[in-house]
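K.L.:
Structure file model21.csv (CSV, N, CA and C atoms) right here:
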```csv
chain,number,residue,atom,x,y,z
V,1,MET,N,-11.1,15.6,-11.9
V,1,MET,CA,-10.1,15.1,-10.9
V,1,MET,C,-9.4,13.9,-11.4
V,2,ALA,N,-8.2,14.1,-11.7
V,2,ALA,CA,-7.4,13.0,-12.3
V,2,ALA,C,-6.6,12.3,-11.2
V,3,LEU,N,-6.8,11.0,-11.2
V,3,LEU,CA,-6.0,10.1,-10.2
V,3,LEU,C,-4.8,9.6,-10.9
V,4,ASP,N,-3.7,9.8,-10.2
V,4,ASP,CA,-2.4,9.3,-10.7
V,4,ASP,C,-2.1,8.0,-9.9
V,5,PRO,N,-1.1,7.2,-10.5
V,5,PRO,CA,-0.8,5.9,-9.8
V,5,PRO,C,-0.3,6.1,-8.4
V,6,LYS,N,0.3,7.2,-8.1
V,6,LYS,CA,0.8,7.5,-6.7
V,6,LYS,C,-0.4,7.6,-5.7
V,7,THR,N,-1.4,8.3,-6.2
V,7,THR,CA,-2.6,8.4,-5.3
V,7,THR,C,-3.3,7.1,-5.2
V,8,VAL,N,-3.4,6.3,-6.2
V,8,VAL,CA,-4.0,5.0,-6.2
V,8,VAL,C,-3.2,4.1,-5.2
V,9,ALA,N,-1.9,4.2,-5.3
V,9,ALA,CA,-1.1,3.4,-4.4
V,9,ALA,C,-1.3,3.7,-2.9
V,10,LYS,N,-1.5,5.0,-2.7
V,10,LYS,CA,-1.8,5.5,-1.3
V,10,LYS,C,-3.1,5.0,-0.8
V,11,VAL,N,-4.1,5.1,-1.7
V,11,VAL,CA,-5.5,4.6,-1.3
V,11,VAL,C,-5.5,3.1,-1.1
V,12,ALA,N,-4.8,2.4,-1.9
V,12,ALA,CA,-4.7,0.9,-1.8
V,12,ALA,C,-4.0,0.6,-0.5
V,13,HIS,N,-3.0,1.3,-0.1
V,13,HIS,CA,-2.3,1.1,1.2
V,13,HIS,C,-3.2,1.4,2.3
V,14,LEU,N,-4.0,2.5,2.3
V,14,LEU,CA,-4.9,2.8,3.4
V,14,LEU,C,-6.0,1.8,3.5
V,15,ALA,N,-6.4,1.2,2.3
V,15,ALA,CA,-7.5,0.2,2.3
V,15,ALA,C,-6.9,-1.2,2.6
V,16,ARG,N,-5.6,-1.3,2.8
V,16,ARG,CA,-5.0,-2.6,3.0
V,16,ARG,C,-5.2,-3.6,1.9
V,17,ILE,N,-5.1,-3.0,0.7
V,17,ILE,CA,-5.3,-3.8,-0.6
V,17,ILE,C,-3.9,-3.9,-1.3
V,18,LYS,N,-3.5,-5.1,-1.6
V,18,LYS,CA,-2.2,-5.2,-2.2
V,18,LYS,C,-2.4,-5.1,-3.7
V,19,VAL,N,-1.8,-4.0,-4.3
V,19,VAL,CA,-1.9,-3.8,-5.7
V,19,VAL,C,-0.5,-3.7,-6.3
V,20,GLY,N,-0.2,-4.6,-7.3
V,20,GLY,CA,1.1,-4.6,-7.9
V,20,GLY,C,1.4,-3.3,-8.7
V,21,GLU,N,2.6,-3.0,-8.9
V,21,GLU,CA,3.1,-1.8,-9.6
V,21,GLU,C,2.5,-1.7,-11.0
V,22,ASN,N,2.4,-2.9,-11.6
V,22,ASN,CA,1.9,-3.0,-13.0
V,22,ASN,C,0.4,-2.7,-13.1
V,23,ARG,N,-0.3,-2.8,-12.0
V,23,ARG,CA,-1.8,-2.6,-12.0
V,23,ARG,C,-2.1,-1.1,-11.6
V,24,LEU,N,-1.2,-0.3,-11.1
V,24,LEU,CA,-1.5,1.0,-10.6
V,24,LEU,C,-2.1,1.9,-11.7
V,25,ALA,N,-1.4,2.0,-12.9
V,25,ALA,CA,-1.9,2.9,-14.0
V,25,ALA,C,-3.2,2.5,-14.5
V,26,PRO,N,-3.5,1.2,-14.8
V,26,PRO,CA,-4.8,0.8,-15.3
V,26,PRO,C,-5.9,1.0,-14.2
V,27,LEU,N,-5.5,0.8,-13.0
V,27,LEU,CA,-6.5,1.0,-11.9
V,27,LEU,C,-6.8,2.5,-11.8
V,28,ALA,N,-5.8,3.3,-12.0
V,28,ALA,CA,-6.0,4.8,-11.9
V,28,ALA,C,-7.0,5.2,-13.0
V,29,GLN,N,-6.9,4.6,-14.2
V,29,GLN,CA,-7.8,5.0,-15.3
V,29,GLN,C,-9.2,4.5,-15.0
V,30,GLU,N,-9.3,3.3,-14.4
V,30,GLU,CA,-10.7,2.8,-14.1
V,30,GLU,C,-11.3,3.6,-13.0
V,31,LEU,N,-10.6,4.0,-12.0
V,31,LEU,CA,-11.1,4.8,-10.9
V,31,LEU,C,-11.5,6.2,-11.4
V,32,ASP,N,-10.7,6.7,-12.3
V,32,ASP,CA,-10.9,8.0,-12.9
V,32,ASP,C,-12.3,8.0,-13.6
V,33,ALA,N,-12.5,6.9,-14.4
V,33,ALA,CA,-13.8,6.8,-15.1
V,33,ALA,C,-15.0,6.7,-14.1
V,34,ILE,N,-14.8,6.0,-13.0
V,34,ILE,CA,-15.9,5.9,-12.0
V,34,ILE,C,-16.1,7.3,-11.3
V,35,VAL,N,-15.1,8.0,-11.0
V,35,VAL,CA,-15.3,9.3,-10.4
V,35,VAL,C,-16.0,10.3,-11.4
V,36,ALA,N,-15.6,10.2,-12.7
V,36,ALA,CA,-16.2,11.0,-13.7
V,36,ALA,C,-17.7,10.7,-13.8
V,37,TRP,N,-18.1,9.4,-13.7
V,37,TRP,CA,-19.5,9.0,-13.8
V,37,TRP,C,-20.2,9.6,-12.6
V,38,VAL,N,-19.7,9.5,-11.4
V,38,VAL,CA,-20.3,10.0,-10.2
V,38,VAL,C,-20.5,11.5,-10.3
V,39,GLU,N,-19.5,12.2,-10.8
V,39,GLU,CA,-19.6,13.7,-11.0
V,39,GLU,C,-20.7,14.0,-12.0
V,40,GLN,N,-21.0,13.1,-13.0
V,40,GLN,CA,-22.1,13.3,-13.9
V,40,GLN,C,-23.5,13.3,-13.1
V,41,LEU,N,-23.6,12.5,-12.1
V,41,LEU,CA,-24.8,12.5,-11.3
V,41,LEU,C,-25.1,13.8,-10.6
V,42,GLY,N,-24.1,14.6,-10.3
V,42,GLY,CA,-24.3,15.9,-9.7
V,42,GLY,C,-24.9,16.9,-10.7
V,43,GLU,N,-24.9,16.6,-12.0
V,43,GLU,CA,-25.4,17.5,-13.0
V,43,GLU,C,-26.9,17.2,-13.2
V,44,VAL,N,-27.5,16.2,-12.6
V,44,VAL,CA,-28.9,15.9,-12.8
V,44,VAL,C,-29.7,16.9,-12.0
V,45,ASP,N,-30.8,17.4,-12.7
V,45,ASP,CA,-31.7,18.4,-12.0
V,45,ASP,C,-32.7,17.6,-11.2
V,46,THR,N,-32.6,17.7,-9.8
V,46,THR,CA,-33.4,17.0,-8.9
V,46,THR,C,-34.4,18.0,-8.2
V,47,ASP,N,-34.5,19.2,-8.7
V,47,ASP,CA,-35.4,20.1,-8.1
V,47,ASP,C,-36.9,19.6,-8.3
V,48,GLY,N,-37.6,19.6,-7.2
V,48,GLY,CA,-39.0,19.2,-7.3
V,48,GLY,C,-39.2,17.7,-7.1
V,49,VAL,N,-38.1,16.9,-7.0
V,49,VAL,CA,-38.2,15.5,-6.8
V,49,VAL,C,-38.2,15.2,-5.3
V,50,THR,N,-39.3,14.5,-4.9
V,50,THR,CA,-39.4,14.2,-3.5
V,50,THR,C,-38.5,13.1,-3.1
V,51,PRO,N,-37.7,13.2,-2.1
V,51,PRO,CA,-36.8,12.2,-1.6
V,51,PRO,C,-37.6,11.0,-1.2
V,52,MET,N,-37.1,9.8,-1.5
V,52,MET,CA,-37.8,8.6,-1.1
V,52,MET,C,-36.9,7.6,-0.4
V,53,SER,N,-37.4,6.8,0.5
V,53,SER,CA,-36.6,5.8,1.1
V,53,SER,C,-36.9,4.4,0.6
V,54,SER,N,-37.9,4.3,-0.3
V,54,SER,CA,-38.2,3.0,-0.8
V,54,SER,C,-38.9,3.2,-2.2
V,55,ALA,N,-38.8,2.2,-3.0
V,55,ALA,CA,-39.5,2.3,-4.3
V,55,ALA,C,-41.0,2.0,-4.2
V,56,VAL,N,-41.4,1.4,-3.1
V,56,VAL,CA,-42.8,1.0,-2.8
V,56,VAL,C,-43.3,1.9,-1.7
V,57,GLU,N,-44.4,2.5,-1.8
V,57,GLU,CA,-45.0,3.3,-0.8
V,57,GLU,C,-45.4,2.4,0.4
V,58,MET,N,-44.9,2.7,1.6
V,58,MET,CA,-45.2,2.0,2.8
V,58,MET,C,-45.5,2.9,3.9
V,59,ALA,N,-46.4,2.5,4.8
V,59,ALA,CA,-46.7,3.2,6.0
V,59,ALA,C,-46.0,2.5,7.2
V,60,ALA,N,-45.3,3.3,8.0
V,60,ALA,CA,-44.7,2.7,9.2
V,60,ALA,C,-45.7,2.2,10.2
V,61,GLN,N,-45.4,1.1,10.8
V,61,GLN,CA,-46.3,0.5,11.8
V,61,GLN,C,-45.8,1.1,13.1
V,62,TRP,N,-46.7,1.7,13.8
V,62,TRP,CA,-46.4,2.3,15.1
V,62,TRP,C,-46.9,1.4,16.3
V,63,ARG,N,-46.1,1.4,17.3
V,63,ARG,CA,-46.4,0.6,18.5
V,63,ARG,C,-46.1,1.4,19.7
V,64,ASP,N,-46.7,1.1,20.9
V,64,ASP,CA,-46.4,1.8,22.1
V,64,ASP,C,-44.9,1.6,22.4
V,65,ASP,N,-44.3,2.7,22.9
V,65,ASP,CA,-42.9,2.6,23.3
V,65,ASP,C,-42.8,2.2,24.8
V,66,ALA,N,-43.0,0.9,25.0
V,66,ALA,CA,-43.1,0.3,26.3
V,66,ALA,C,-42.0,-0.8,26.4
V,67,VAL,N,-41.4,-0.9,27.6
V,67,VAL,CA,-40.4,-1.9,27.9
V,67,VAL,C,-41.1,-3.2,28.3
V,68,THR,N,-40.8,-4.3,27.6
V,68,THR,CA,-41.4,-5.6,27.9
V,68,THR,C,-40.2,-6.6,27.9
V,69,ASP,N,-40.5,-7.7,28.5
V,69,ASP,CA,-39.6,-8.8,28.6
V,69,ASP,C,-39.8,-9.8,27.4
V,70,GLY,N,-40.7,-9.5,26.6
V,70,GLY,CA,-41.0,-10.4,25.5
V,70,GLY,C,-42.0,-11.4,25.8
V,71,GLY,N,-42.1,-11.8,27.1
V,71,GLY,CA,-43.1,-12.7,27.5
V,71,GLY,C,-43.0,-14.2,27.1
V,72,TYR,N,-41.9,-14.6,26.5
V,72,TYR,CA,-41.8,-16.0,26.1
V,72,TYR,C,-40.3,-16.4,26.1
V,73,PRO,N,-39.7,-16.4,27.3
V,73,PRO,CA,-38.3,-16.7,27.4
V,73,PRO,C,-38.0,-18.2,27.0
V,74,ASP,N,-38.9,-19.1,27.2
V,74,ASP,CA,-38.7,-20.4,26.8
V,74,ASP,C,-38.5,-20.5,25.2
V,75,LYS,N,-39.2,-19.7,24.5
V,75,LYS,CA,-38.9,-19.7,23.0
V,75,LYS,C,-37.6,-19.1,22.7
V,76,VAL,N,-37.2,-18.1,23.5
V,76,VAL,CA,-35.9,-17.4,23.2
V,76,VAL,C,-34.7,-18.3,23.3
V,77,VAL,N,-34.7,-19.1,24.4
V,77,VAL,CA,-33.6,-20.0,24.6
V,77,VAL,C,-33.8,-21.5,24.0
V,78,ALA,N,-34.9,-21.6,23.2
V,78,ALA,CA,-35.2,-23.0,22.7
V,78,ALA,C,-34.0,-23.5,21.9
V,79,ASN,N,-33.3,-22.7,21.2
V,79,ASN,CA,-32.2,-23.2,20.3
V,79,ASN,C,-30.8,-23.1,21.0
V,80,ALA,N,-30.8,-22.7,22.2
V,80,ALA,CA,-29.5,-22.6,23.0
V,80,ALA,C,-29.0,-24.1,23.2
V,81,PRO,N,-27.7,-24.3,23.1
V,81,PRO,CA,-27.2,-25.7,23.3
V,81,PRO,C,-27.3,-26.1,24.7
V,82,GLU,N,-27.1,-25.3,25.7
V,82,GLU,CA,-27.1,-25.6,27.1
V,82,GLU,C,-27.7,-24.5,27.9
V,83,PRO,N,-29.0,-24.3,27.8
V,83,PRO,CA,-29.6,-23.2,28.6
V,83,PRO,C,-29.7,-23.5,30.0
V,84,GLN,N,-29.6,-22.5,30.9
V,84,GLN,CA,-29.9,-22.7,32.3
V,84,GLN,C,-31.0,-21.8,32.7
V,85,GLY,N,-32.2,-22.4,32.8
V,85,GLY,CA,-33.4,-21.7,33.1
V,85,GLY,C,-33.7,-20.8,31.9
V,86,ASP,N,-33.9,-19.5,32.0
V,86,ASP,CA,-34.2,-18.6,30.9
V,86,ASP,C,-33.0,-17.9,30.4
V,87,PHE,N,-31.8,-18.5,30.6
V,87,PHE,CA,-30.5,-17.8,30.2
V,87,PHE,C,-29.7,-18.7,29.3
V,88,TYR,N,-28.8,-18.1,28.5
V,88,TYR,CA,-27.8,-18.7,27.7
V,88,TYR,C,-26.6,-19.0,28.6
V,89,THR,N,-26.0,-20.1,28.3
V,89,THR,CA,-24.7,-20.3,29.0
V,89,THR,C,-23.6,-20.2,28.0
V,90,VAL,N,-22.5,-19.6,28.4
V,90,VAL,CA,-21.3,-19.4,27.5
V,90,VAL,C,-20.1,-19.8,28.2
V,91,PRO,N,-19.1,-20.2,27.4
V,91,PRO,CA,-17.8,-20.6,28.1
V,91,PRO,C,-17.2,-19.4,28.8
V,92,LYS,N,-16.5,-19.7,29.9
V,92,LYS,CA,-15.8,-18.7,30.6
V,92,LYS,C,-14.6,-18.1,29.8
V,93,VAL,N,-14.5,-16.8,29.7
V,93,VAL,CA,-13.4,-16.2,28.9
V,93,VAL,C,-12.4,-15.4,29.7
V,94,VAL,N,-12.7,-15.2,31.0
V,94,VAL,CA,-11.8,-14.5,31.9
V,94,VAL,C,-11.4,-15.4,33.0
V,95,GLU,N,-10.1,-15.5,33.2
V,95,GLU,CA,-9.7,-16.4,34.3
V,95,GLU,C,-9.1,-15.6,35.4
```
Kindly transcribe the structure held in the file into structure tokens.
P.N.:
Amino acid sequence: MALDPKTVAKVAHLARIKVGENRLAPLAQELDAIVAWVEQLGEVDTDGVTPMSSAVEMAAQWRDDAVTDGGYPDKVVANAPEPQGDFYTVPKVVE
């Protein structure tokens, strides 16, 4: 898949990135090399490889699916600048 400067300009426009006309051709070559490298990854034989979510084997910690209030509202609002009881106060935004 060859990227031309016109395609790069369109992608830059969609991404809201300002790219000068003099940078479109070199950027197209760089992106072409990146796409070629990603296509090489598709050639790797991954049959028999177990998918993993982490490099370290970990067991998930399970807990009861129960609704709680946390039990410590004083700790929750301890860093609030101006708490009122167990609640945060915020400036009025609707008039």
K.L.:
So how far away is atom CA of Arg63 of chain V from atom CA of Ala80 of chain V, in Å?
P.N.:
29.1 Å
K.L.:
Would you return as a ChimeraX atom specification the members of chain V that DSSP assigns to helix (DSSP H, G or I) on this structure's backbone?
P.N.:
/V:5-14,21-41,73-76
K.L.:
As an exercise, work out the distance from atom CA of Ala12 of chain V to atom CA of Leu41 of chain V in Å and give it to one decimal place.
P.N.:
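So the answer is 25.1 Å.
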K.L.:
Would you work out the distance separating atom C of Arg23 of chain V from atom N of Lys6 of chain V, expressed in Å to one decimal?
P.N.:
9.3 Å
K.L.:
If we count only C-alpha atoms and set the cut-off at 10 Å, which residues sit around Asp74 of chain V, ignoring sequence neighbours fewer than 3 positions away in its own chain? Please answer as a list in words.
P.N.:
Gly71, Val77, Ala78, Asn79, Pro83, Gly85, Asp86 and Phe87 of chain V
K.L.:
Might you pull out every residue within 6.5 Å of Asp32 of chain V, with all atoms listed in the file counted and same-chain residues fewer than 5 positions away left off, and present them as an MDAnalysis selection string?
P.N.:
chainID V and resid 1:3 27 37
K.L.:
So that I have them on file, write out the residues from the current selection with N, CA and C atoms, as a compact mmCIF listing (two decimals), in the coordinates of the input.
P.N.:
```txt
# COMPACT_ATOMS: atom_id res chain seq x y z
N MET V 1 -11.10 15.60 -11.90
CA MET V 1 -10.10 15.10 -10.90
C MET V 1 -9.40 13.90 -11.40
N ALA V 2 -8.20 14.10 -11.70
CA ALA V 2 -7.40 13.00 -12.30
C ALA V 2 -6.60 12.30 -11.20
N LEU V 3 -6.80 11.00 -11.20
CA LEU V 3 -6.00 10.10 -10.20
C LEU V 3 -4.80 9.60 -10.90
N LEU V 27 -5.50 0.80 -13.00
CA LEU V 27 -6.50 1.00 -11.90
C LEU V 27 -6.80 2.50 -11.80
N TRP V 37 -18.10 9.40 -13.70
CA TRP V 37 -19.50 9.00 -13.80
C TRP V 37 -20.20 9.60 -12.60
```
K.L.:
With all heavy atoms as the goal, would you fill in the gaps in segment 17-28 of chain V and present it as a compact mmCIF listing (two decimals), keeping the file's coordinate frame?
P.N.:
```txt
# COMPACT_ATOMS: atom_id res chain seq x y z
N ILE V 17 -5.10 -3.00 0.70
CA ILE V 17 -5.30 -3.80 -0.60
C ILE V 17 -3.90 -3.90 -1.30
O ILE V 17 -3.31 -2.84 -1.54
CB ILE V 17 -6.31 -3.22 -1.50
CG1 ILE V 17 -7.67 -3.16 -0.80
CG2 ILE V 17 -6.41 -4.02 -2.78
CD1 ILE V 17 -8.71 -2.41 -1.59
N LYS V 18 -3.50 -5.10 -1.60
CA LYS V 18 -2.20 -5.20 -2.20
C LYS V 18 -2.40 -5.10 -3.70
O LYS V 18 -3.17 -5.81 -4.36
CB LYS V 18 -1.59 -6.61 -1.95
CG LYS V 18 -0.22 -6.82 -2.55
CD LYS V 18 0.33 -8.17 -2.18
CE LYS V 18 1.71 -8.37 -2.77
NZ LYS V 18 2.26 -9.69 -2.43
N VAL V 19 -1.80 -4.00 -4.30
CA VAL V 19 -1.90 -3.80 -5.70
C VAL V 19 -0.50 -3.70 -6.30
O VAL V 19 0.35 -2.97 -5.84
CB VAL V 19 -2.62 -2.44 -6.01
CG1 VAL V 19 -2.69 -2.16 -7.50
CG2 VAL V 19 -4.01 -2.45 -5.40
N GLY V 20 -0.20 -4.60 -7.30
CA GLY V 20 1.10 -4.60 -7.90
C GLY V 20 1.40 -3.30 -8.70
O GLY V 20 0.45 -2.61 -9.15
N GLU V 21 2.60 -3.00 -8.90
CA GLU V 21 3.10 -1.80 -9.60
C GLU V 21 2.50 -1.70 -11.00
O GLU V 21 2.14 -0.68 -11.51
CB GLU V 21 4.59 -1.68 -9.62
CG GLU V 21 5.22 -1.34 -8.29
CD GLU V 21 4.93 0.10 -7.87
OE1 GLU V 21 4.85 0.97 -8.75
OE2 GLU V 21 4.79 0.32 -6.65
N ASN V 22 2.40 -2.90 -11.60
CA ASN V 22 1.90 -3.00 -13.00
C ASN V 22 0.40 -2.70 -13.10
O ASN V 22 -0.08 -2.49 -14.20
CB ASN V 22 2.30 -4.31 -13.65
CG ASN V 22 1.69 -5.48 -12.91
OD1 ASN V 22 1.37 -5.38 -11.73
ND2 ASN V 22 1.56 -6.60 -13.58
N ARG V 23 -0.30 -2.80 -12.00
CA ARG V 23 -1.80 -2.60 -12.00
C ARG V 23 -2.10 -1.10 -11.60
O ARG V 23 -3.32 -0.77 -11.72
CB ARG V 23 -2.44 -3.55 -11.06
CG ARG V 23 -2.55 -4.95 -11.56
CD ARG V 23 -3.57 -5.10 -12.69
NE ARG V 23 -4.90 -4.70 -12.27
CZ ARG V 23 -5.77 -4.05 -13.04
NH1 ARG V 23 -5.45 -3.75 -14.26
NH2 ARG V 23 -6.95 -3.70 -12.60
N LEU V 24 -1.20 -0.30 -11.10
CA LEU V 24 -1.50 1.00 -10.60
C LEU V 24 -2.10 1.90 -11.70
O LEU V 24 -3.08 2.59 -11.54
CB LEU V 24 -0.33 1.63 -9.94
CG LEU V 24 0.06 1.01 -8.60
CD1 LEU V 24 1.32 1.68 -8.06
CD2 LEU V 24 -1.07 1.12 -7.60
N ALA V 25 -1.40 2.00 -12.90
CA ALA V 25 -1.90 2.90 -14.00
C ALA V 25 -3.20 2.50 -14.50
O ALA V 25 -4.11 3.31 -14.64
CB ALA V 25 -0.81 2.90 -15.07
N PRO V 26 -3.50 1.20 -14.80
CA PRO V 26 -4.80 0.80 -15.30
C PRO V 26 -5.90 1.00 -14.20
O PRO V 26 -6.99 1.46 -14.56
CB PRO V 26 -4.69 -0.71 -15.63
CG PRO V 26 -3.24 -0.96 -15.79
CD PRO V 26 -2.54 0.03 -14.93
N LEU V 27 -5.50 0.80 -13.00
CA LEU V 27 -6.50 1.00 -11.90
C LEU V 27 -6.80 2.50 -11.80
O LEU V 27 -7.96 2.86 -11.50
CB LEU V 27 -5.98 0.41 -10.61
CG LEU V 27 -6.95 0.35 -9.43
CD1 LEU V 27 -8.21 -0.42 -9.79
CD2 LEU V 27 -6.27 -0.29 -8.23
N ALA V 28 -5.80 3.30 -12.00
CA ALA V 28 -6.00 4.80 -11.90
C ALA V 28 -7.00 5.20 -13.00
O ALA V 28 -7.89 6.04 -12.73
CB ALA V 28 -4.71 5.51 -12.02
```
